[in-house]
file final-v1.pdb (PDB, C-alpha atoms and all ligand atoms)
ATOM      1  CA  MET A 725      64.192 145.229 120.322  1.00  0.00           C
ATOM      2  CA  ILE A 726      66.064 141.972 120.918  1.00  0.00           C
ATOM      3  CA  LYS A 727      69.362 142.001 119.051  1.00  0.00           C
ATOM      4  CA  GLY A 728      70.969 138.999 120.706  1.00  0.00           C
ATOM      5  CA  VAL A 729      69.803 135.732 122.275  1.00  0.00           C
ATOM      6  CA  ILE A 730      71.966 134.178 124.981  1.00  0.00           C
ATOM      7  CA  PHE A 731      71.797 130.397 125.254  1.00  0.00           C
ATOM      8  CA  ASP A 732      73.047 128.198 128.030  1.00  0.00           C
ATOM      9  CA  LEU A 733      74.793 125.146 126.509  1.00  0.00           C
ATOM     10  CA  ASP A 734      74.500 122.096 128.768  1.00  0.00           C
ATOM     11  CA  ASP A 735      71.000 120.592 128.950  1.00  0.00           C
ATOM     12  CA  THR A 736      69.643 123.545 126.969  1.00  0.00           C
ATOM     13  CA  LEU A 737      71.026 122.779 123.502  1.00  0.00           C
ATOM     14  CA  TYR A 738      71.762 119.069 123.993  1.00  0.00           C
ATOM     15  CA  ASN A 739      71.361 116.146 126.419  1.00  0.00           C
ATOM     16  CA  ALA A 740      74.264 116.897 128.806  1.00  0.00           C
ATOM     17  CA  THR A 741      73.106 114.903 131.850  1.00  0.00           C
ATOM     18  CA  GLU A 742      72.674 111.795 129.709  1.00  0.00           C
ATOM     19  CA  CYS A 743      76.103 112.283 128.091  1.00  0.00           C
ATOM     20  CA  TYR A 744      77.864 112.713 131.429  1.00  0.00           C
ATOM     21  CA  GLN A 745      76.303 109.391 132.413  1.00  0.00           C
ATOM     22  CA  TYR A 746      77.805 107.755 129.314  1.00  0.00           C
ATOM     23  CA  GLY A 747      81.173 109.198 130.351  1.00  0.00           C
ATOM     24  CA  MET A 748      80.829 107.801 133.865  1.00  0.00           C
ATOM     25  CA  ASN A 749      79.792 104.371 132.559  1.00  0.00           C
ATOM     26  CA  SER A 750      82.886 104.113 130.362  1.00  0.00           C
ATOM     27  CA  LEU A 751      85.096 105.347 133.171  1.00  0.00           C
ATOM     28  CA  SER A 752      83.572 102.781 135.584  1.00  0.00           C
ATOM     29  CA  GLU A 753      84.375  99.979 133.146  1.00  0.00           C
ATOM     30  CA  TYR A 754      87.965 101.148 132.802  1.00  0.00           C
ATOM     31  CA  VAL A 755      88.405 101.495 136.579  1.00  0.00           C
ATOM     32  CA  TYR A 756      87.032  97.984 137.103  1.00  0.00           C
ATOM     33  CA  GLU A 757      89.386  96.476 134.513  1.00  0.00           C
ATOM     34  CA  GLU A 758      92.439  98.434 135.645  1.00  0.00           C
ATOM     35  CA  PHE A 759      92.011  98.592 139.449  1.00  0.00           C
ATOM     36  CA  ASN A 760      89.385  95.932 140.134  1.00  0.00           C
ATOM     37  CA  ILE A 761      87.148  98.519 141.809  1.00  0.00           C
ATOM     38  CA  GLN A 762      83.402  97.822 141.532  1.00  0.00           C
ATOM     39  CA  LYS A 763      81.192 100.412 139.856  1.00  0.00           C
ATOM     40  CA  GLU A 764      79.295 101.407 143.041  1.00  0.00           C
ATOM     41  CA  ASP A 765      82.544 101.847 144.939  1.00  0.00           C
ATOM     42  CA  PHE A 766      84.024 103.913 142.111  1.00  0.00           C
ATOM     43  CA  ILE A 767      80.929 106.139 141.848  1.00  0.00           C
ATOM     44  CA  ASP A 768      81.150 106.699 145.597  1.00  0.00           C
ATOM     45  CA  LYS A 769      84.852 107.552 145.587  1.00  0.00           C
ATOM     46  CA  PHE A 770      84.512 109.741 142.502  1.00  0.00           C
ATOM     47  CA  ALA A 771      81.686 111.680 144.174  1.00  0.00           C
ATOM     48  CA  THR A 772      83.960 112.287 147.178  1.00  0.00           C
ATOM     49  CA  ALA A 773      86.787 113.404 144.878  1.00  0.00           C
ATOM     50  CA  LYS A 774      84.402 115.788 143.087  1.00  0.00           C
ATOM     51  CA  LYS A 775      83.158 117.173 146.392  1.00  0.00           C
ATOM     52  CA  ASP A 776      86.746 117.738 147.599  1.00  0.00           C
ATOM     53  CA  VAL A 777      87.580 119.674 144.413  1.00  0.00           C
ATOM     54  CA  LYS A 778      84.408 121.768 144.602  1.00  0.00           C
ATOM     55  CA  THR A 779      84.950 122.553 148.291  1.00  0.00           C
ATOM     56  CA  GLN A 780      88.518 123.597 147.569  1.00  0.00           C
ATOM     57  CA  LEU A 781      87.670 125.793 144.578  1.00  0.00           C
ATOM     58  CA  GLY A 782      84.185 127.186 145.124  1.00  0.00           C
ATOM     59  CA  ASP A 783      82.154 128.567 142.222  1.00  0.00           C
ATOM     60  CA  VAL A 784      84.743 128.747 139.451  1.00  0.00           C
ATOM     61  CA  ALA A 785      85.070 126.964 136.105  1.00  0.00           C
ATOM     62  CA  ALA A 786      87.881 124.670 137.288  1.00  0.00           C
ATOM     63  CA  SER A 787      85.463 123.184 139.845  1.00  0.00           C
ATOM     64  CA  HIS A 788      83.889 121.297 136.889  1.00  0.00           C
ATOM     65  CA  ASN A 789      87.222 120.026 135.563  1.00  0.00           C
ATOM     66  CA  ARG A 790      87.005 116.227 135.376  1.00  0.00           C
ATOM     67  CA  LEU A 791      90.811 116.010 135.249  1.00  0.00           C
ATOM     68  CA  LEU A 792      90.939 117.379 138.793  1.00  0.00           C
ATOM     69  CA  TYR A 793      88.262 114.885 139.960  1.00  0.00           C
ATOM     70  CA  ILE A 794      90.206 112.042 138.335  1.00  0.00           C
ATOM     71  CA  GLN A 795      93.492 113.213 139.830  1.00  0.00           C
ATOM     72  CA  ARG A 796      91.919 113.349 143.293  1.00  0.00           C
ATOM     73  CA  PHE A 797      90.365 109.888 142.830  1.00  0.00           C
ATOM     74  CA  LEU A 798      93.754 108.417 141.826  1.00  0.00           C
ATOM     75  CA  GLU A 799      95.395 110.051 144.841  1.00  0.00           C
ATOM     76  CA  MET A 800      92.676 108.542 147.062  1.00  0.00           C
ATOM     77  CA  ILE A 801      93.369 105.008 145.807  1.00  0.00           C
ATOM     78  CA  GLY A 802      97.152 105.513 145.834  1.00  0.00           C
ATOM     79  CA  MET A 803      97.689 105.263 142.067  1.00  0.00           C
ATOM     80  CA  SER A 804      99.884 107.488 139.912  1.00  0.00           C
ATOM     81  CA  PRO A 805      97.961 110.303 138.173  1.00  0.00           C
ATOM     82  CA  PHE A 806     100.798 110.480 135.631  1.00  0.00           C
ATOM     83  CA  GLN A 807     100.115 106.967 134.471  1.00  0.00           C
ATOM     84  CA  TYR A 808      96.303 107.112 134.351  1.00  0.00           C
ATOM     85  CA  ALA A 809      94.770 110.592 134.624  1.00  0.00           C
ATOM     86  CA  LEU A 810      94.988 111.784 131.016  1.00  0.00           C
ATOM     87  CA  LYS A 811      93.817 108.446 129.667  1.00  0.00           C
ATOM     88  CA  MET A 812      90.828 108.441 132.042  1.00  0.00           C
ATOM     89  CA  TYR A 813      89.990 112.021 131.114  1.00  0.00           C
ATOM     90  CA  GLU A 814      89.915 111.073 127.435  1.00  0.00           C
ATOM     91  CA  ILE A 815      87.828 107.960 128.103  1.00  0.00           C
ATOM     92  CA  TYR A 816      85.262 110.060 129.952  1.00  0.00           C
ATOM     93  CA  TRP A 817      85.010 112.846 127.389  1.00  0.00           C
ATOM     94  CA  ASN A 818      85.235 110.677 124.286  1.00  0.00           C
ATOM     95  CA  SER A 819      82.294 108.694 125.544  1.00  0.00           C
ATOM     96  CA  ALA A 820      80.319 111.753 126.648  1.00  0.00           C
ATOM     97  CA  LEU A 821      80.987 113.622 123.388  1.00  0.00           C
ATOM     98  CA  LYS A 822      80.037 110.589 121.314  1.00  0.00           C
ATOM     99  CA  GLY A 823      76.597 110.463 122.953  1.00  0.00           C
ATOM    100  CA  MET A 824      75.774 114.116 122.336  1.00  0.00           C
ATOM    101  CA  SER A 825      72.831 115.020 120.191  1.00  0.00           C
ATOM    102  CA  LEU A 826      71.442 118.451 119.595  1.00  0.00           C
ATOM    103  CA  TYR A 827      67.829 119.028 120.592  1.00  0.00           C
ATOM    104  CA  GLU A 828      65.572 119.222 117.570  1.00  0.00           C
ATOM    105  CA  TYR A 829      64.555 122.826 118.116  1.00  0.00           C
ATOM    106  CA  VAL A 830      68.108 124.185 117.950  1.00  0.00           C
ATOM    107  CA  ILE A 831      68.973 124.385 114.238  1.00  0.00           C
ATOM    108  CA  PRO A 832      65.584 125.786 113.102  1.00  0.00           C
ATOM    109  CA  LEU A 833      65.781 128.394 115.879  1.00  0.00           C
ATOM    110  CA  PHE A 834      69.390 129.314 115.111  1.00  0.00           C
ATOM    111  CA  ARG A 835      68.523 129.630 111.401  1.00  0.00           C
ATOM    112  CA  MET A 836      65.581 131.863 112.222  1.00  0.00           C
ATOM    113  CA  LEU A 837      67.733 134.118 114.428  1.00  0.00           C
ATOM    114  CA  LYS A 838      70.452 134.361 111.767  1.00  0.00           C
ATOM    115  CA  GLU A 839      67.888 135.302 109.115  1.00  0.00           C
ATOM    116  CA  GLN A 840      66.659 138.028 111.458  1.00  0.00           C
ATOM    117  CA  LYS A 841      70.282 139.240 111.884  1.00  0.00           C
ATOM    118  CA  ARG A 842      70.192 138.582 115.603  1.00  0.00           C
ATOM    119  CA  LYS A 843      73.336 137.548 117.446  1.00  0.00           C
ATOM    120  CA  ILE A 844      73.627 134.109 119.039  1.00  0.00           C
ATOM    121  CA  ILE A 845      75.601 134.004 122.261  1.00  0.00           C
ATOM    122  CA  ILE A 846      76.551 130.982 124.392  1.00  0.00           C
ATOM    123  CA  LEU A 847      77.005 131.645 128.119  1.00  0.00           C
ATOM    124  CA  SER A 848      78.210 128.544 129.899  1.00  0.00           C
ATOM    125  CA  ASP A 849      79.686 127.506 133.235  1.00  0.00           C
ATOM    126  CA  LEU A 850      82.671 125.367 132.367  1.00  0.00           C
ATOM    127  CA  THR A 851      86.220 125.527 131.087  1.00  0.00           C
ATOM    128  CA  ALA A 852      86.639 126.867 127.557  1.00  0.00           C
ATOM    129  CA  TYR A 853      88.542 123.864 126.174  1.00  0.00           C
ATOM    130  CA  ILE A 854      85.800 121.335 126.746  1.00  0.00           C
ATOM    131  CA  GLN A 855      83.041 123.706 125.624  1.00  0.00           C
ATOM    132  CA  TYR A 856      84.918 124.204 122.339  1.00  0.00           C
ATOM    133  CA  ARG A 857      85.055 120.426 121.934  1.00  0.00           C
ATOM    134  CA  LYS A 858      81.289 120.196 122.506  1.00  0.00           C
ATOM    135  CA  ILE A 859      80.532 122.996 120.038  1.00  0.00           C
ATOM    136  CA  GLU A 860      82.707 121.263 117.442  1.00  0.00           C
ATOM    137  CA  ARG A 861      81.025 117.912 118.108  1.00  0.00           C
ATOM    138  CA  LEU A 862      77.547 119.467 117.850  1.00  0.00           C
ATOM    139  CA  ALA A 863      78.602 121.324 114.664  1.00  0.00           C
ATOM    140  CA  ILE A 864      77.012 124.615 115.726  1.00  0.00           C
ATOM    141  CA  GLY A 865      80.084 126.858 115.575  1.00  0.00           C
ATOM    142  CA  ASP A 866      78.964 128.534 112.346  1.00  0.00           C
ATOM    143  CA  TYR A 867      75.841 129.875 114.045  1.00  0.00           C
ATOM    144  CA  ILE A 868      77.490 131.247 117.194  1.00  0.00           C
ATOM    145  CA  ASP A 869      78.666 134.847 117.345  1.00  0.00           C
ATOM    146  CA  PHE A 870      80.094 134.838 120.878  1.00  0.00           C
ATOM    147  CA  LEU A 871      81.078 132.248 123.474  1.00  0.00           C
ATOM    148  CA  ILE A 872      81.481 133.301 127.099  1.00  0.00           C
ATOM    149  CA  THR A 873      82.594 130.700 129.636  1.00  0.00           C
ATOM    150  CA  SER A 874      82.887 131.029 133.394  1.00  0.00           C
ATOM    151  CA  GLU A 875      86.582 130.315 132.925  1.00  0.00           C
ATOM    152  CA  GLU A 876      87.127 133.663 131.225  1.00  0.00           C
ATOM    153  CA  VAL A 877      84.699 135.525 133.512  1.00  0.00           C
ATOM    154  CA  GLY A 878      86.155 134.100 136.736  1.00  0.00           C
ATOM    155  CA  LYS A 879      82.646 133.689 138.173  1.00  0.00           C
ATOM    156  CA  GLU A 880      79.713 131.410 137.414  1.00  0.00           C
ATOM    157  CA  LYS A 881      76.060 132.070 136.710  1.00  0.00           C
ATOM    158  CA  PRO A 882      73.953 133.516 138.285  1.00  0.00           C
ATOM    159  CA  SER A 883      76.659 136.112 139.075  1.00  0.00           C
ATOM    160  CA  GLY A 884      76.228 139.614 137.702  1.00  0.00           C
ATOM    161  CA  GLU A 885      79.754 139.337 136.290  1.00  0.00           C
ATOM    162  CA  SER A 886      78.627 136.597 133.856  1.00  0.00           C
ATOM    163  CA  PHE A 887      75.934 138.777 132.342  1.00  0.00           C
ATOM    164  CA  ASP A 888      78.118 141.898 132.433  1.00  0.00           C
ATOM    165  CA  ALA A 889      80.654 139.939 130.374  1.00  0.00           C
ATOM    166  CA  VAL A 890      77.946 139.252 127.766  1.00  0.00           C
ATOM    167  CA  LYS A 891      77.020 142.927 127.544  1.00  0.00           C
ATOM    168  CA  LYS A 892      80.669 143.944 127.273  1.00  0.00           C
ATOM    169  CA  LYS A 893      81.565 141.373 124.625  1.00  0.00           C
ATOM    170  CA  THR A 894      78.482 141.911 122.469  1.00  0.00           C
ATOM    171  CA  GLY A 895      78.089 145.659 123.011  1.00  0.00           C
ATOM    172  CA  LEU A 896      74.372 145.010 123.640  1.00  0.00           C
ATOM    173  CA  THR A 897      72.319 146.358 126.546  1.00  0.00           C
ATOM    174  CA  GLU A 898      70.040 144.369 128.860  1.00  0.00           C
ATOM    175  CA  ASN A 899      66.993 145.447 126.848  1.00  0.00           C
ATOM    176  CA  GLU A 900      68.537 144.088 123.669  1.00  0.00           C
ATOM    177  CA  LEU A 901      69.223 140.630 125.108  1.00  0.00           C
ATOM    178  CA  LEU A 902      67.114 137.550 125.845  1.00  0.00           C
ATOM    179  CA  MET A 903      68.324 134.549 127.869  1.00  0.00           C
ATOM    180  CA  VAL A 904      67.290 130.927 127.185  1.00  0.00           C
ATOM    181  CA  GLY A 905      68.379 128.237 129.641  1.00  0.00           C
ATOM    182  CA  ASP A 906      67.332 125.112 131.535  1.00  0.00           C
ATOM    183  CA  SER A 907      68.387 126.171 135.037  1.00  0.00           C
ATOM    184  CA  TYR A 908      65.999 128.424 136.917  1.00  0.00           C
ATOM    185  CA  GLU A 909      68.671 129.291 139.500  1.00  0.00           C
ATOM    186  CA  LYS A 910      71.553 129.983 137.152  1.00  0.00           C
ATOM    187  CA  ASP A 911      70.025 131.101 133.866  1.00  0.00           C
ATOM    188  CA  ILE A 912      66.686 132.664 134.716  1.00  0.00           C
ATOM    189  CA  ILE A 913      67.408 134.287 138.088  1.00  0.00           C
ATOM    190  CA  GLY A 914      70.859 135.345 136.865  1.00  0.00           C
ATOM    191  CA  ALA A 915      69.503 137.027 133.741  1.00  0.00           C
ATOM    192  CA  ARG A 916      66.618 138.711 135.522  1.00  0.00           C
ATOM    193  CA  LYS A 917      68.925 140.108 138.214  1.00  0.00           C
ATOM    194  CA  ALA A 918      70.936 141.633 135.372  1.00  0.00           C
ATOM    195  CA  GLY A 919      67.749 143.139 133.883  1.00  0.00           C
ATOM    196  CA  ILE A 920      67.645 140.677 130.977  1.00  0.00           C
ATOM    197  CA  ARG A 921      64.437 138.900 129.975  1.00  0.00           C
ATOM    198  CA  ALA A 922      64.659 135.124 130.248  1.00  0.00           C
ATOM    199  CA  ILE A 923      62.875 131.981 129.089  1.00  0.00           C
ATOM    200  CA  GLN A 924      63.344 128.692 130.906  1.00  0.00           C
ATOM    201  CA  TYR A 925      63.813 125.806 128.505  1.00  0.00           C
ATOM    202  CA  LYS A 926      61.942 122.636 129.292  1.00  0.00           C
ATOM    203  CA  LEU A 927      61.695 119.590 127.073  1.00  0.00           C
ATOM    204  CA  ASP A 928      57.909 119.861 126.907  1.00  0.00           C
ATOM    205  CA  VAL A 929      57.886 123.478 125.733  1.00  0.00           C
ATOM    206  CA  ASN A 930      57.909 124.595 122.132  1.00  0.00           C
ATOM    207  CA  ILE A 931      60.922 126.827 122.516  1.00  0.00           C
ATOM    208  CA  ILE A 932      60.884 128.251 118.988  1.00  0.00           C
ATOM    209  CA  GLN A 933      57.376 129.518 119.485  1.00  0.00           C
ATOM    210  CA  GLU A 934      58.264 131.034 122.852  1.00  0.00           C
ATOM    211  CA  VAL A 935      61.317 132.818 121.534  1.00  0.00           C
ATOM    212  CA  ARG A 936      59.366 134.062 118.506  1.00  0.00           C
ATOM    213  CA  ILE A 937      56.701 135.555 120.763  1.00  0.00           C
ATOM    214  CA  SER A 938      59.292 137.131 123.073  1.00  0.00           C
ATOM    215  CA  ILE A 939      61.191 138.940 120.353  1.00  0.00           C
TER
HETATM  216 MG    MG A1001      72.337 124.084 131.693  1.00  0.00          MG
END
call {"tool": "encode", "arguments": {"input": "final-v1.pdb", "output": "structure tokens", "more": "lines below"}}
Ligand SMILES: [Mg+2]
result
Amino acid sequence: MIKGVIFDLDDTLYNATECYQYGMNSLSEYVYEEFNIQKEDFIDKFATAKKDVKTQLGDVAASHNRLLYIQRFLEMIGMSPFQYALKMYEIYWNSALKGMSLYEYVIPLFRMLKEQKRKIIILSDLTAYIQYRKIERLAIGDYIDFLITSEEVGKEKPSGESFDAVKKKTGLTENELLMVGDSYEKDIIGARKAGIRAIQYKLDVNIIQEVRISI
């Protein structure tokens, strides 16, 4: 019997890829105005900065931290992070958060699960602070019983540690959990390796129906 459904957050509950693009567009405009760097050049340099951070850190939550990408970018162009980094971070996230919209299936599904007294768990690879901001922006906090980020686990999906953390926090076993996520590699493989049933979310699938059948 399924007692808890684990959801990935980004690109499973809302349009993350699109929102990150909004963030990058706003950041590009700021960088052009402030440093006279063309968008293509900025995108290129930012990608290098991101790669540097990811290479340095490996698979941990901080490897997604835009503040570290921005800091690295500013170091690359010889500008002071203390003057610009926080402002750029806010420009990026304010724009990304503003563009967020929950997928239509989410609230009806969450309501259904709450009525059935099933727990709703978010398991997400990012730092806690920004995931809290997203949850607040999407106004879904009242439905969520547990949030588990890779920042608190120390490892990212599909690691066994991520799913162990869910079991520990919820007190539920693998047979009592179901995973719903967009990434086959992270969400589906990760859950299945941990013995948890999983459904891959795709935009063209009626997710409510699938979850209803599975539980
Ligand atoms: Mg995702």
call {"tool": "residues_around", "arguments": {"input": "final-v1.pdb", "residues": "segment 808-821 of chain A", "least_positions_apart": "5", "cutoff": "7 Å", "atoms": "all atoms listed in the file", "output": "list in words"}}
result
Cys743, Tyr744, Tyr746, Gly747, Met748, Ser750, Leu751, Arg790, Leu791, Ile794, Gln795, Lys858 and Arg861 of chain A
call {"tool": "resolve_selection", "arguments": {"input": "final-v1.pdb", "expression": "the PyMOL selection byres (((not hetatm)) within 7 of (chain A and resi 1001))", "output": "PyMOL selection string"}}
result
chain A and resi 732-736+905-907
call {"tool": "closest_residue", "arguments": {"input": "final-v1.pdb", "among": "A:Met803, A:Ala889, A:Ile844, A:Ala740", "to": "Lys822 of chain A", "atoms": "all atoms listed in the file"}}
result
A:Ala740
call {"tool": "closest_residue", "arguments": {"input": "final-v1.pdb", "among": "A:Ala918, A:Leu927, A:Leu901, A:Leu826", "to": "Asp888 of chain A", "atoms": "all atoms listed in the file"}}
result
A:Ala918
call {"tool": "closest_residue", "arguments": {"input": "final-v1.pdb", "among": "A:Leu737, A:Ala771, A:Ile932, A:Leu896", "to": "Arg842 of chain A", "atoms": "all atoms listed in the file"}}
result
A:Leu896
call {"tool": "residues_around", "arguments": {"input": "final-v1.pdb", "residues": "Pro832 of chain A", "least_positions_apart": "5", "cutoff": "12 Å", "atoms": "all atoms listed in the file", "output": "VMD selection string"}}
result
chain A and resid 826 to 827 837 to 839 864 867 930 to 933 935 to 936
call {"tool": "closest_residue", "arguments": {"input": "final-v1.pdb", "among": "A:Arg857, A:Lys917, A:Lys879, A:Lys910", "to": "Phe731 of chain A", "atoms": "all atoms listed in the file"}}
result
A:Lys910
call {"tool": "residues_around", "arguments": {"input": "final-v1.pdb", "residues": "Ser787 of chain A", "least_positions_apart": "2", "cutoff": "12 Å", "atoms": "only C-alpha atoms", "output": "list in words"}}
result
Ala773, Lys774, Lys775, Asp776, Val777, Lys778, Thr779, Gln780, Leu781, Gly782, Asp783, Val784, Ala785, Asn789, Arg790, Leu791, Leu792, Tyr793, Asp849, Leu850, Thr851, Ser874, Glu875, Gly878, Lys879 and Glu880 of chain A
call {"tool": "residues_around", "arguments": {"input": "final-v1.pdb", "residues": "Glu898 of chain A", "least_positions_apart": "5", "cutoff": "12 Å", "atoms": "only C-alpha atoms", "output": "list of chain:residue names"}}
result
A:Met725, A:Ile726, A:Lys727, A:Gly728, A:Val729, A:Ile730, A:Gly884, A:Phe887, A:Asp888, A:Ala889, A:Val890, A:Lys891, A:Lys892, A:Met903, A:Ala915, A:Arg916, A:Lys917, A:Ala918, A:Gly919, A:Ile920, A:Arg921, A:Ala922
call {"tool": "residues_around", "arguments": {"input": "final-v1.pdb", "residues": "Val877 of chain A", "least_positions_apart": "4", "cutoff": "7 Å", "atoms": "all atoms listed in the file", "output": "ChimeraX atom specification"}}
result
/A:873,885-886,889
call {"tool": "atom_distance", "arguments": {"input": "final-v1.pdb", "atom1": "atom CA of Ile937 of chain A", "atom2": "atom CA of Asp869 of chain A"}}
result
22.2 Å
call {"tool": "atom_distance", "arguments": {"input": "final-v1.pdb", "atom1": "atom CA of Arg796 of chain A", "atom2": "atom CA of Ile767 of chain A"}}
result
13.2 Å
call {"tool": "decode", "arguments": {"input": "final-v1.pdb", "residues": "segment 767-852 of chain A", "atoms": "C-alpha atoms", "output": "compact mmCIF listing (two decimals), in the first residue's frame"}}
result
# COMPACT_ATOMS: atom_id res chain seq x y z
CA ILE A 767 26.42 32.84 -22.26
CA ASP A 768 29.75 31.35 -23.30
CA LYS A 769 31.67 32.70 -20.31
CA PHE A 770 28.89 31.77 -17.90
CA ALA A 771 28.89 28.20 -19.24
CA THR A 772 32.65 28.03 -18.60
CA ALA A 773 32.16 29.41 -15.08
CA LYS A 774 29.43 26.81 -14.43
CA LYS A 775 31.64 24.03 -15.74
CA ASP A 776 34.54 25.16 -13.51
CA VAL A 777 32.28 25.09 -10.44
CA LYS A 778 30.83 21.68 -11.30
CA THR A 779 34.29 20.21 -11.97
CA GLN A 780 35.53 21.56 -8.66
CA LEU A 781 32.57 20.32 -6.61
CA GLY A 782 31.26 17.17 -8.27
CA ASP A 783 27.75 15.90 -7.56
CA VAL A 784 26.72 18.03 -4.59
CA ALA A 785 23.99 20.64 -4.11
CA ALA A 786 26.42 23.59 -4.17
CA SER A 787 27.33 22.64 -7.76
CA HIS A 788 23.96 24.18 -8.76
CA ASN A 789 24.52 27.39 -6.81
CA ARG A 790 24.19 30.29 -9.25
CA LEU A 791 26.04 32.57 -6.81
CA LEU A 792 29.16 30.46 -7.33
CA TYR A 793 28.74 30.59 -11.15
CA ILE A 794 28.30 34.37 -10.97
CA GLN A 795 31.30 34.77 -8.68
CA ARG A 796 33.45 32.73 -11.06
CA PHE A 797 32.20 34.73 -14.06
CA LEU A 798 33.06 38.03 -12.33
CA GLU A 799 36.52 36.71 -11.46
CA MET A 800 36.99 35.71 -15.12
CA ILE A 801 36.21 39.24 -16.36
CA GLY A 802 38.20 40.89 -13.55
CA MET A 803 35.25 42.55 -11.80
CA SER A 804 34.58 42.68 -8.06
CA PRO A 805 32.14 39.98 -6.86
CA PHE A 806 31.43 42.18 -3.82
CA GLN A 807 30.03 44.91 -5.99
CA TYR A 808 27.96 42.77 -8.38
CA ALA A 809 27.46 39.14 -7.33
CA LEU A 810 24.50 39.45 -4.95
CA LYS A 811 22.69 41.84 -7.26
CA MET A 812 23.18 39.48 -10.22
CA TYR A 813 22.01 36.52 -8.15
CA GLU A 814 18.81 38.37 -7.28
CA ILE A 815 18.25 39.46 -10.88
CA TYR A 816 18.54 35.85 -12.03
CA TRP A 817 16.26 34.34 -9.40
CA ASN A 818 13.69 37.12 -9.33
CA SER A 819 13.21 36.68 -13.03
CA ALA A 820 13.19 32.88 -12.88
CA LEU A 821 10.77 32.80 -9.93
CA LYS A 822 8.45 35.30 -11.60
CA GLY A 823 8.08 33.02 -14.63
CA MET A 824 7.19 29.92 -12.64
CA SER A 825 3.84 28.28 -13.14
CA LEU A 826 2.67 25.04 -11.66
CA TYR A 827 1.67 22.32 -14.10
CA GLU A 828 -2.08 21.89 -14.23
CA TYR A 829 -2.08 18.35 -12.87
CA VAL A 830 -0.36 19.27 -9.60
CA ILE A 831 -3.09 20.75 -7.38
CA PRO A 832 -5.79 18.17 -8.27
CA LEU A 833 -3.27 15.38 -7.66
CA PHE A 834 -2.04 16.86 -4.37
CA ARG A 835 -5.66 17.30 -3.22
CA MET A 836 -6.44 13.70 -4.11
CA LEU A 837 -3.40 12.43 -2.18
CA LYS A 838 -4.27 14.54 0.87
CA GLU A 839 -7.85 13.25 0.85
CA GLN A 840 -6.43 9.72 0.78
CA LYS A 841 -4.18 10.61 3.76
CA ARG A 842 -1.05 9.91 1.76
CA LYS A 843 2.13 11.85 2.43
CA ILE A 844 3.59 14.19 -0.19
CA ILE A 845 7.37 14.34 -0.27
CA ILE A 846 9.63 16.54 -2.41
CA LEU A 847 13.07 15.11 -3.23
CA SER A 848 15.16 17.63 -5.11
CA ASP A 849 18.76 18.19 -6.16
CA LEU A 850 19.53 21.75 -5.16
CA THR A 851 20.27 23.95 -2.18
CA ALA A 852 17.48 24.24 0.39
